[in-house]
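Here's work-v6.cif, which has mmCIF, C-alpha atoms:
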```
data_entry
#
loop_
_atom_site.label_atom_id
_atom_site.label_comp_id
_atom_site.auth_asym_id
_atom_site.auth_seq_id
_atom_site.Cartn_x
_atom_site.Cartn_y
_atom_site.Cartn_z
CA MET A 999 -9.38 -26.42 141.46
CA LEU A 1000 -7.54 -26.78 138.17
CA ALA A 1001 -5.32 -23.75 137.61
CA ILE A 1002 -2.46 -23.38 135.17
CA ALA A 1003 -0.62 -20.10 135.78
CA ALA A 1004 1.72 -18.40 133.35
CA VAL A 1005 3.13 -14.95 132.79
CA LEU A 1006 2.20 -13.59 129.37
CA GLY A 1007 5.42 -12.61 127.60
CA LEU A 1008 5.40 -9.14 126.08
CA GLY A 1009 6.78 -9.15 122.55
CA PRO A 1010 6.40 -6.80 119.61
CA VAL A 1011 2.84 -5.90 118.63
CA ALA A 1012 1.77 -7.56 115.38
CA ALA A 1013 2.23 -5.50 112.22
CA PRO A 1014 -0.85 -3.49 111.12
CA LEU A 1015 -3.20 -5.77 109.24
CA GLY A 1016 -6.94 -5.62 108.70
CA VAL A 1017 -9.84 -6.78 106.54
CA PRO A 1018 -13.34 -5.50 105.83
CA SER A 1019 -15.73 -6.27 108.67
CA PRO A 1020 -19.37 -7.33 108.28
CA PHE A 1021 -20.32 -5.66 111.56
CA ALA A 1022 -18.42 -2.38 111.60
CA ALA A 1023 -16.74 -0.13 109.08
CA ALA A 1024 -13.13 -1.15 108.52
CA PRO A 1025 -10.30 1.32 109.03
CA ALA A 1026 -9.34 3.20 105.87
CA HIS A 1027 -5.96 1.42 105.71
CA ALA A 1028 -7.42 -2.08 106.07
CA GLU A 1029 -6.35 -4.78 103.62
CA ALA A 1030 -7.11 -8.47 103.28
CA ALA A 1031 -4.70 -10.60 105.26
CA SER A 1032 -2.52 -12.92 103.22
CA SER A 1033 -3.27 -15.84 105.58
CA GLY A 1034 -6.98 -15.60 104.85
CA GLY A 1035 -6.98 -14.33 101.29
CA PRO A 1036 -8.84 -11.34 99.87
CA GLY A 1037 -12.36 -10.71 101.07
CA VAL A 1038 -12.20 -12.84 104.20
CA PRO A 1039 -14.50 -11.05 106.68
CA VAL A 1040 -13.39 -10.32 110.22
CA PRO A 1041 -16.16 -9.37 112.66
CA GLY A 1042 -15.84 -6.20 114.70
CA PHE A 1043 -18.16 -4.26 116.95
CA TRP A 1044 -16.23 -0.99 116.97
CA ASP A 1045 -17.60 2.19 115.46
CA PRO A 1046 -14.68 4.32 114.17
CA ARG A 1047 -16.74 7.46 114.88
CA ARG A 1048 -16.91 6.52 118.56
CA ARG A 1049 -13.24 6.59 119.42
CA PRO A 1050 -12.67 5.94 123.16
CA GLU A 1051 -10.20 8.06 125.09
CA ARG A 1052 -7.22 6.38 126.68
CA PRO A 1053 -7.90 6.29 130.44
CA ASP A 1054 -5.35 6.99 133.12
CA LEU A 1055 -4.58 3.37 134.01
CA ARG A 1056 -2.63 3.27 137.24
CA LEU A 1057 -2.09 -0.47 137.24
CA THR A 1058 1.22 -2.10 136.43
CA MET A 1059 -0.24 -5.62 136.20
CA ILE A 1060 -3.51 -7.18 135.01
CA ARG A 1061 -4.35 -10.62 136.39
CA PHE A 1062 -6.37 -12.41 133.71
CA VAL A 1063 -8.29 -15.66 134.15
CA SER A 1064 -9.66 -17.85 131.36
CA GLU A 1065 -11.47 -21.11 130.69
CA VAL A 1066 -9.58 -24.43 130.76
CA ASP A 1067 -10.99 -26.19 127.70
CA TYR A 1068 -12.80 -24.27 124.96
CA PRO A 1069 -10.62 -24.49 121.85
CA PRO A 1070 -9.76 -22.52 119.84
CA PHE A 1071 -10.43 -19.76 122.36
CA ASP A 1072 -8.93 -21.22 125.55
CA TYR A 1073 -6.97 -24.42 126.11
CA ALA A 1074 -3.69 -25.76 127.47
CA GLY A 1075 -1.03 -25.91 124.78
CA PRO A 1076 1.36 -28.84 124.24
CA ASP A 1077 3.70 -27.39 126.87
CA GLY A 1078 0.85 -27.01 129.39
CA ASN A 1079 0.78 -23.22 129.12
CA PRO A 1080 -2.41 -21.28 128.29
CA ALA A 1081 -3.10 -20.98 124.57
CA GLY A 1082 -5.87 -19.87 122.22
CA PHE A 1083 -7.48 -16.79 120.72
CA ASN A 1084 -8.48 -15.29 124.08
CA ILE A 1085 -4.99 -15.82 125.47
CA ASP A 1086 -3.35 -14.13 122.49
CA LEU A 1087 -5.87 -11.29 122.69
CA ALA A 1088 -5.10 -10.77 126.39
CA ARG A 1089 -1.40 -10.60 125.53
CA ALA A 1090 -2.11 -8.03 122.81
CA ILE A 1091 -4.19 -5.95 125.25
CA CYS A 1092 -1.29 -5.90 127.70
CA GLU A 1093 1.11 -4.85 124.96
CA GLU A 1094 -1.21 -2.03 123.89
CA LEU A 1095 -1.62 -0.81 127.49
CA LYS A 1096 2.08 -1.35 128.23
CA VAL A 1097 1.39 -3.28 131.43
CA GLY A 1098 2.43 -6.72 132.65
CA CYS A 1099 -0.08 -9.56 132.71
CA THR A 1100 -0.56 -12.97 134.24
CA MET A 1101 -2.97 -15.68 133.11
CA GLN A 1102 -4.62 -18.47 135.09
CA MET A 1103 -6.82 -21.11 133.52
CA ARG A 1104 -9.78 -22.17 135.66
CA ARG A 1105 -13.10 -23.95 135.30
CA PHE A 1106 -15.62 -21.66 133.63
CA ASP A 1107 -18.10 -21.89 136.51
CA THR A 1108 -15.53 -20.43 138.94
CA LEU A 1109 -14.59 -17.31 136.96
CA ILE A 1110 -17.18 -14.86 138.27
CA ASP A 1111 -16.46 -15.80 141.89
CA THR A 1112 -12.74 -15.43 141.21
CA LEU A 1113 -13.32 -11.85 140.03
CA ASN A 1114 -15.69 -10.89 142.81
CA GLU A 1115 -13.40 -12.30 145.50
CA GLY A 1116 -10.51 -10.19 144.19
CA ARG A 1117 -8.35 -13.13 143.07
CA ALA A 1118 -8.23 -11.83 139.47
CA ASP A 1119 -8.80 -8.54 137.66
CA ALA A 1120 -10.36 -9.64 134.36
CA ALA A 1121 -11.87 -12.78 132.83
CA ILE A 1122 -11.33 -13.27 129.10
CA ALA A 1123 -13.11 -16.56 128.53
CA SER A 1124 -15.80 -16.16 125.84
CA MET A 1125 -18.31 -15.18 128.53
CA ALA A 1126 -21.58 -14.13 126.89
CA VAL A 1127 -23.13 -10.83 127.91
CA THR A 1128 -26.63 -11.68 129.15
CA PRO A 1129 -29.03 -10.13 131.68
CA ASP A 1130 -27.87 -12.69 134.25
CA THR A 1131 -24.12 -12.16 133.75
CA ARG A 1132 -24.60 -8.37 133.78
CA LYS A 1133 -25.99 -8.69 137.31
CA ALA A 1134 -22.78 -10.36 138.48
CA VAL A 1135 -19.99 -8.52 136.62
CA ASP A 1136 -19.32 -5.60 134.28
CA PHE A 1137 -18.14 -6.09 130.71
CA SER A 1138 -15.90 -4.38 128.20
CA ASP A 1139 -17.31 -3.61 124.76
CA PRO A 1140 -17.98 -6.87 122.86
CA TYR A 1141 -15.10 -8.26 120.81
CA TYR A 1142 -17.13 -10.96 119.09
CA ARG A 1143 -20.67 -12.25 118.90
CA PRO A 1144 -21.81 -15.83 119.52
CA VAL A 1145 -23.02 -17.51 116.36
CA ALA A 1146 -24.72 -20.87 115.78
CA ARG A 1147 -24.37 -22.90 112.59
CA PHE A 1148 -25.61 -26.07 110.97
CA VAL A 1149 -23.05 -28.46 109.51
CA ALA A 1150 -23.82 -31.18 106.95
CA ARG A 1151 -21.82 -33.77 105.09
CA ARG A 1152 -20.38 -32.39 101.85
CA ASP A 1153 -22.62 -34.59 99.69
CA ALA A 1154 -25.70 -32.92 101.18
CA GLY A 1155 -25.34 -29.85 98.96
CA SER A 1156 -26.00 -26.32 100.15
CA GLY A 1157 -28.85 -23.92 100.61
CA PRO A 1158 -30.89 -22.17 103.30
CA ALA A 1159 -31.43 -24.03 106.56
CA SER A 1160 -35.12 -23.24 106.97
CA PRO A 1161 -37.53 -25.09 109.28
CA GLN A 1162 -39.40 -26.33 106.21
CA ARG A 1163 -36.28 -27.68 104.53
CA LEU A 1164 -35.17 -29.48 107.71
CA GLU A 1165 -38.52 -31.21 108.22
CA GLY A 1166 -37.86 -34.87 109.05
CA LYS A 1167 -34.06 -34.41 109.11
CA THR A 1168 -32.12 -35.73 112.11
CA VAL A 1169 -30.00 -33.06 113.77
CA ALA A 1170 -27.24 -33.83 116.26
CA VAL A 1171 -26.82 -31.33 119.09
CA VAL A 1172 -25.18 -31.25 122.51
CA ALA A 1173 -27.81 -32.03 125.16
CA GLY A 1174 -28.93 -29.29 127.52
CA THR A 1175 -27.45 -26.40 125.54
CA ALA A 1176 -28.99 -23.22 124.14
CA HIS A 1177 -28.53 -24.82 120.73
CA GLU A 1178 -30.86 -27.67 121.67
CA ALA A 1179 -33.42 -25.22 123.05
CA TYR A 1180 -33.23 -23.14 119.86
CA LEU A 1181 -33.79 -26.21 117.67
CA ARG A 1182 -36.76 -27.45 119.69
CA THR A 1183 -38.38 -24.01 119.62
CA LEU A 1184 -37.87 -23.01 115.99
CA PHE A 1185 -37.19 -26.24 114.07
CA THR A 1186 -40.13 -28.18 115.43
CA GLU A 1187 -40.37 -30.63 112.51
CA ALA A 1188 -36.73 -31.69 112.66
CA GLN A 1189 -35.77 -34.79 114.63
CA VAL A 1190 -33.48 -33.42 117.34
CA LYS A 1191 -30.92 -36.00 118.50
CA PRO A 1192 -29.05 -34.86 121.67
CA TYR A 1193 -25.58 -36.18 122.49
CA PRO A 1194 -23.70 -35.86 125.82
CA THR A 1195 -20.66 -34.10 124.30
CA ALA A 1196 -19.70 -32.05 121.26
CA GLU A 1197 -17.21 -34.77 120.26
CA GLU A 1198 -19.98 -37.38 120.12
CA ALA A 1199 -22.29 -35.07 118.17
CA ARG A 1200 -19.56 -34.35 115.59
CA ALA A 1201 -18.72 -38.04 115.29
CA ALA A 1202 -22.38 -38.88 114.67
CA LEU A 1203 -22.53 -36.53 111.71
CA ALA A 1204 -19.17 -37.66 110.33
CA LYS A 1205 -20.32 -41.30 110.41
CA GLY A 1206 -23.64 -40.44 108.78
CA ASP A 1207 -25.75 -41.28 111.84
CA THR A 1208 -27.45 -37.88 111.53
CA ASP A 1209 -28.21 -35.59 108.61
CA LEU A 1210 -26.99 -32.41 110.28
CA LEU A 1211 -25.21 -31.02 113.31
CA PHE A 1212 -26.13 -27.75 115.06
CA GLY A 1213 -23.83 -25.98 117.48
CA ASP A 1214 -21.36 -23.23 118.24
CA GLY A 1215 -20.10 -21.77 114.96
CA TYR A 1216 -16.60 -21.04 116.25
CA ALA A 1217 -15.95 -24.52 117.61
CA LEU A 1218 -17.40 -26.00 114.42
CA ALA A 1219 -15.19 -23.79 112.22
CA PHE A 1220 -12.17 -24.98 114.22
CA TRP A 1221 -13.28 -28.60 113.70
CA LEU A 1222 -13.95 -28.18 109.98
CA ASN A 1223 -10.50 -26.67 109.48
CA GLY A 1224 -8.74 -29.43 111.46
CA LYS A 1225 -7.64 -32.98 110.76
CA GLU A 1226 -10.32 -34.53 112.97
CA SER A 1227 -13.13 -33.76 110.49
CA ASN A 1228 -11.13 -35.32 107.64
CA GLY A 1229 -12.85 -32.94 105.21
CA CYS A 1230 -16.18 -34.70 105.70
CA CYS A 1231 -18.41 -31.73 106.19
CA ALA A 1232 -19.19 -28.07 105.59
CA PHE A 1233 -21.42 -25.31 106.95
CA PHE A 1234 -25.04 -25.52 105.84
CA GLY A 1235 -27.15 -22.35 105.88
CA GLY A 1236 -27.07 -19.71 108.60
CA PRO A 1237 -25.55 -18.04 110.52
CA PHE A 1238 -27.90 -17.73 113.51
CA VAL A 1239 -27.23 -14.95 116.03
CA GLU A 1240 -30.40 -14.84 118.16
CA SER A 1241 -29.38 -12.93 121.30
CA ARG A 1242 -32.15 -14.45 123.44
CA TYR A 1243 -30.48 -17.83 123.09
CA PHE A 1244 -26.83 -17.10 122.34
CA GLY A 1245 -26.18 -13.81 124.17
CA GLU A 1246 -25.72 -10.16 123.18
CA GLY A 1247 -22.00 -10.51 122.53
CA VAL A 1248 -18.80 -11.59 124.27
CA GLY A 1249 -16.76 -9.15 126.34
CA VAL A 1250 -13.98 -9.16 128.92
CA ALA A 1251 -15.52 -9.38 132.42
CA VAL A 1252 -14.36 -7.29 135.37
CA LYS A 1253 -15.61 -6.89 138.92
CA LYS A 1254 -18.67 -4.65 139.28
CA GLY A 1255 -17.62 -1.01 139.55
CA ASN A 1256 -14.09 -1.46 138.18
CA ASP A 1257 -14.67 1.25 135.59
CA GLN A 1258 -11.00 2.19 135.29
CA LEU A 1259 -10.00 -1.24 134.03
CA ARG A 1260 -13.16 -1.66 131.94
CA LEU A 1261 -12.53 1.62 130.08
CA ALA A 1262 -8.87 0.71 129.60
CA LEU A 1263 -9.92 -2.59 128.03
CA ASP A 1264 -12.37 -0.75 125.74
CA TRP A 1265 -9.57 1.55 124.57
CA ALA A 1266 -7.13 -1.31 123.99
CA LEU A 1267 -9.66 -3.44 122.09
CA PHE A 1268 -10.54 -0.50 119.82
CA ARG A 1269 -6.87 0.14 119.13
CA LEU A 1270 -6.26 -3.54 118.31
CA TRP A 1271 -9.12 -3.47 115.82
CA GLU A 1272 -8.00 -0.14 114.35
CA ASN A 1273 -4.38 -1.16 113.81
CA GLY A 1274 -5.26 -4.60 112.38
CA THR A 1275 -3.92 -6.77 115.21
CA PHE A 1276 -7.40 -8.13 115.93
CA ALA A 1277 -7.82 -9.16 112.28
CA ASP A 1278 -4.44 -10.87 112.33
CA LEU A 1279 -5.42 -12.91 115.39
CA TRP A 1280 -8.85 -13.72 113.97
CA LEU A 1281 -7.52 -15.11 110.72
CA LYS A 1282 -4.90 -17.12 112.62
CA TYR A 1283 -7.62 -19.04 114.45
CA PHE A 1284 -10.54 -18.88 112.00
CA PRO A 1285 -9.37 -19.45 108.42
CA VAL A 1286 -12.81 -21.08 108.01
CA ASN A 1287 -15.19 -18.18 108.57
CA PRO A 1288 -17.68 -18.95 111.42
CA PHE A 1289 -20.11 -16.52 109.76
#
```
Could you express the structure from this file as structure tokens?
Amino acid sequence: MLAIAAVLGLGPVAAPLGVPSPFAAAPAHAEAASSGGPGVPVPGFWDPRRRPERPDLRLTMIRFVSEVDYPPFDYAGPDGNPAGFNIDLARAICEELKVGCTMQMRRFDTLIDTLNEGRADAAIASMAVTPDTRKAVDFSDPYYRPVARFVARRDAGSGPASPQRLEGKTVAVVAGTAHEAYLRTLFTEAQVKPYPTAEEARAALAKGDTDLLFGDGYALAFWLNGKESNGCCAFFGGPFVESRYFGEGVGVAVKKGNDQLRLALDWALFRLWENGTFADLWLKYFPVNPF
């Protein structure tokens, strides 16, 4: 089993920074972050009127596990250590709770077993909250929501991505994913073209082999903002947030019944949103808005 272990260093908490959120009211002191510019939205699921109480956390260490290869959320950095949005968020949670933390990167399909066998305390790995995952683990409050987007070449123009408008268009998608199922169910007149990997699907669009690409909005935002896309493409229509296909939200998973840790995570996540640290992290990884 692939596992890269590292202790998360505890440094100063990021300076208060926030931006208006499309999903929840922003704190009164929130301002646009300079890295993202004014008006850049940062999603949040926290209701300021529902302030959680800080629980009596009797732990001195939280053992986190995460996914091995889901940039920009989880990946091995150039030095081999865990990196990504989820890793930085775990570090910020530990700072807020004033506890030590460790991080191990594992295959996604092993994470639930790792929790239930007591080999880790929490999984922060973009795990969607669904009826099936709820049966296996408990979750913190959501800290982001899965979103699907279409991407087109820049010369395609812009506009709504309706089933009628996509009639006859070829759409690249990763085979066997919820995104493919969504396309085949709702965009029945489009020509769905599955590819084995996300890299191959993106390359097909960049080369002009397909008219559009449909997939995970976060990974696509990361691609659009990077050198690999070479500025070829842009979001087209959307976003799409159908929970039946893409999940109810993404939370930190803990072993069933571990309410003490779950409530502590809820409190820390709320505090990170309230003081602007969450917005700072979001804009660091998503200067191209996935929504």
Please, which residues in segment 1161-1215 of chain A fall within 9 Å of segment 1141-1149 of chain A when counting only C-alpha atoms, and what is the closest atom pair and distance in Å to one decimal for each, ordered by chain then residue number, as JSON lines?
```
{"residue": "A:Val1169", "atom": "CA", "partner": "A:Phe1148", "partner_atom": "CA", "distance": 8.7}
{"residue": "A:His1177", "atom": "CA", "partner": "A:Ala1146", "partner_atom": "CA", "distance": 7.4}
{"residue": "A:Leu1203", "atom": "CA", "partner": "A:Val1149", "partner_atom": "CA", "distance": 8.4}
{"residue": "A:Asp1209", "atom": "CA", "partner": "A:Val1149", "partner_atom": "CA", "distance": 8.8}
{"residue": "A:Leu1210", "atom": "CA", "partner": "A:Val1149", "partner_atom": "CA", "distance": 5.6}
{"residue": "A:Leu1211", "atom": "CA", "partner": "A:Val1149", "partner_atom": "CA", "distance": 5.1}
{"residue": "A:Phe1212", "atom": "CA", "partner": "A:Phe1148", "partner_atom": "CA", "distance": 4.5}
{"residue": "A:Gly1213", "atom": "CA", "partner": "A:Ala1146", "partner_atom": "CA", "distance": 5.5}
{"residue": "A:Asp1214", "atom": "CA", "partner": "A:Ala1146", "partner_atom": "CA", "distance": 4.8}
{"residue": "A:Gly1215", "atom": "CA", "partner": "A:Ala1146", "partner_atom": "CA", "distance": 4.8}
```
Exercise: Ser1064 of chain A partners within 6 Å, only C-alpha atoms, chain neighbours under 5 positions left out, as a compact mmCIF listing (two decimals) with C-alpha atoms, keeping the file's coordinate frame:
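Writing done, so here's selection-v5.txt:
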```
# COMPACT_ATOMS: atom_id res chain seq x y z
CA MET A 1103 -6.82 -21.11 133.52
CA ALA A 1121 -11.87 -12.78 132.83
CA ILE A 1122 -11.33 -13.27 129.10
CA ALA A 1123 -13.11 -16.56 128.53
```
Given the PyMOL selection byres ((chain A and resi 1091) around 10), the residues it picks as a PyMOL selection string: chain A and resi 1011+1060+1085-1090+1092-1099+1262-1270
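Across the chains present, the PyMOL selection byres ((chain A and resi 1250) around 8) applied to this file returns Ala1120, Ala1121, Ile1122, Ala1123, Ser1124, Met1125, Phe1137, Ser1138, Asp1139, Pro1140, Val1248, Gly1249, Ala1251, Val1252 and Leu1263 of chain A.
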Listed atoms of segment 1166-1185 of chain A boxed along x, y and z, 3 Å each side, centre and edge lengths in Å, one decimal, as lines of an AutoDock Vina configuration file:
```
center_x = -31.8
center_y = -29.4
center_z = 118.3
size_x = 19.2
size_y = 18.7
size_z = 24.5
```
Tell me which residues come within 10 Å of (-14.0, -19.9, 129.7), as a PDB file with C-alpha atoms, in the coordinates of the input, counting all atoms listed in the file in the file's coordinates.
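File produced: point-v4.pdb:
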```pdb
ATOM      1  CA  VAL A1063      -8.290 -15.660 134.150  1.00  0.00           C
ATOM      2  CA  SER A1064      -9.660 -17.850 131.360  1.00  0.00           C
ATOM      3  CA  GLU A1065     -11.470 -21.110 130.690  1.00  0.00           C
ATOM      4  CA  VAL A1066      -9.580 -24.430 130.760  1.00  0.00           C
ATOM      5  CA  ASP A1067     -10.990 -26.190 127.700  1.00  0.00           C
ATOM      6  CA  TYR A1068     -12.800 -24.270 124.960  1.00  0.00           C
ATOM      7  CA  PRO A1069     -10.620 -24.490 121.850  1.00  0.00           C
ATOM      8  CA  PHE A1071     -10.430 -19.760 122.360  1.00  0.00           C
ATOM      9  CA  ASP A1072      -8.930 -21.220 125.550  1.00  0.00           C
ATOM     10  CA  TYR A1073      -6.970 -24.420 126.110  1.00  0.00           C
ATOM     11  CA  ASN A1084      -8.480 -15.290 124.080  1.00  0.00           C
ATOM     12  CA  MET A1103      -6.820 -21.110 133.520  1.00  0.00           C
ATOM     13  CA  ARG A1104      -9.780 -22.170 135.660  1.00  0.00           C
ATOM     14  CA  ARG A1105     -13.100 -23.950 135.300  1.00  0.00           C
ATOM     15  CA  PHE A1106     -15.620 -21.660 133.630  1.00  0.00           C
ATOM     16  CA  ASP A1107     -18.100 -21.890 136.510  1.00  0.00           C
ATOM     17  CA  THR A1108     -15.530 -20.430 138.940  1.00  0.00           C
ATOM     18  CA  LEU A1109     -14.590 -17.310 136.960  1.00  0.00           C
ATOM     19  CA  ALA A1121     -11.870 -12.780 132.830  1.00  0.00           C
ATOM     20  CA  ILE A1122     -11.330 -13.270 129.100  1.00  0.00           C
ATOM     21  CA  ALA A1123     -13.110 -16.560 128.530  1.00  0.00           C
ATOM     22  CA  SER A1124     -15.800 -16.160 125.840  1.00  0.00           C
ATOM     23  CA  MET A1125     -18.310 -15.180 128.530  1.00  0.00           C
ATOM     24  CA  ALA A1126     -21.580 -14.130 126.890  1.00  0.00           C
TER      25      ALA A1126
END
```
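The shell of residues at most 10 Å from Asp1111 of chain A, with all atoms listed in the file counted and near chain neighbours (fewer than 4 positions) removed, consists of Asp1107, Glu1115, Gly1116, Arg1117, Ala1118, Ala1134, Val1135 and Lys1253 of chain A.
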Between atom CA of Phe1244 of chain A and atom CA of Ala1196 of chain A, distance in Å (one decimal):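 One can read the atom CA of Phe1244 of chain A to atom CA of Ala1196 of chain A distance as 16.6 Å.
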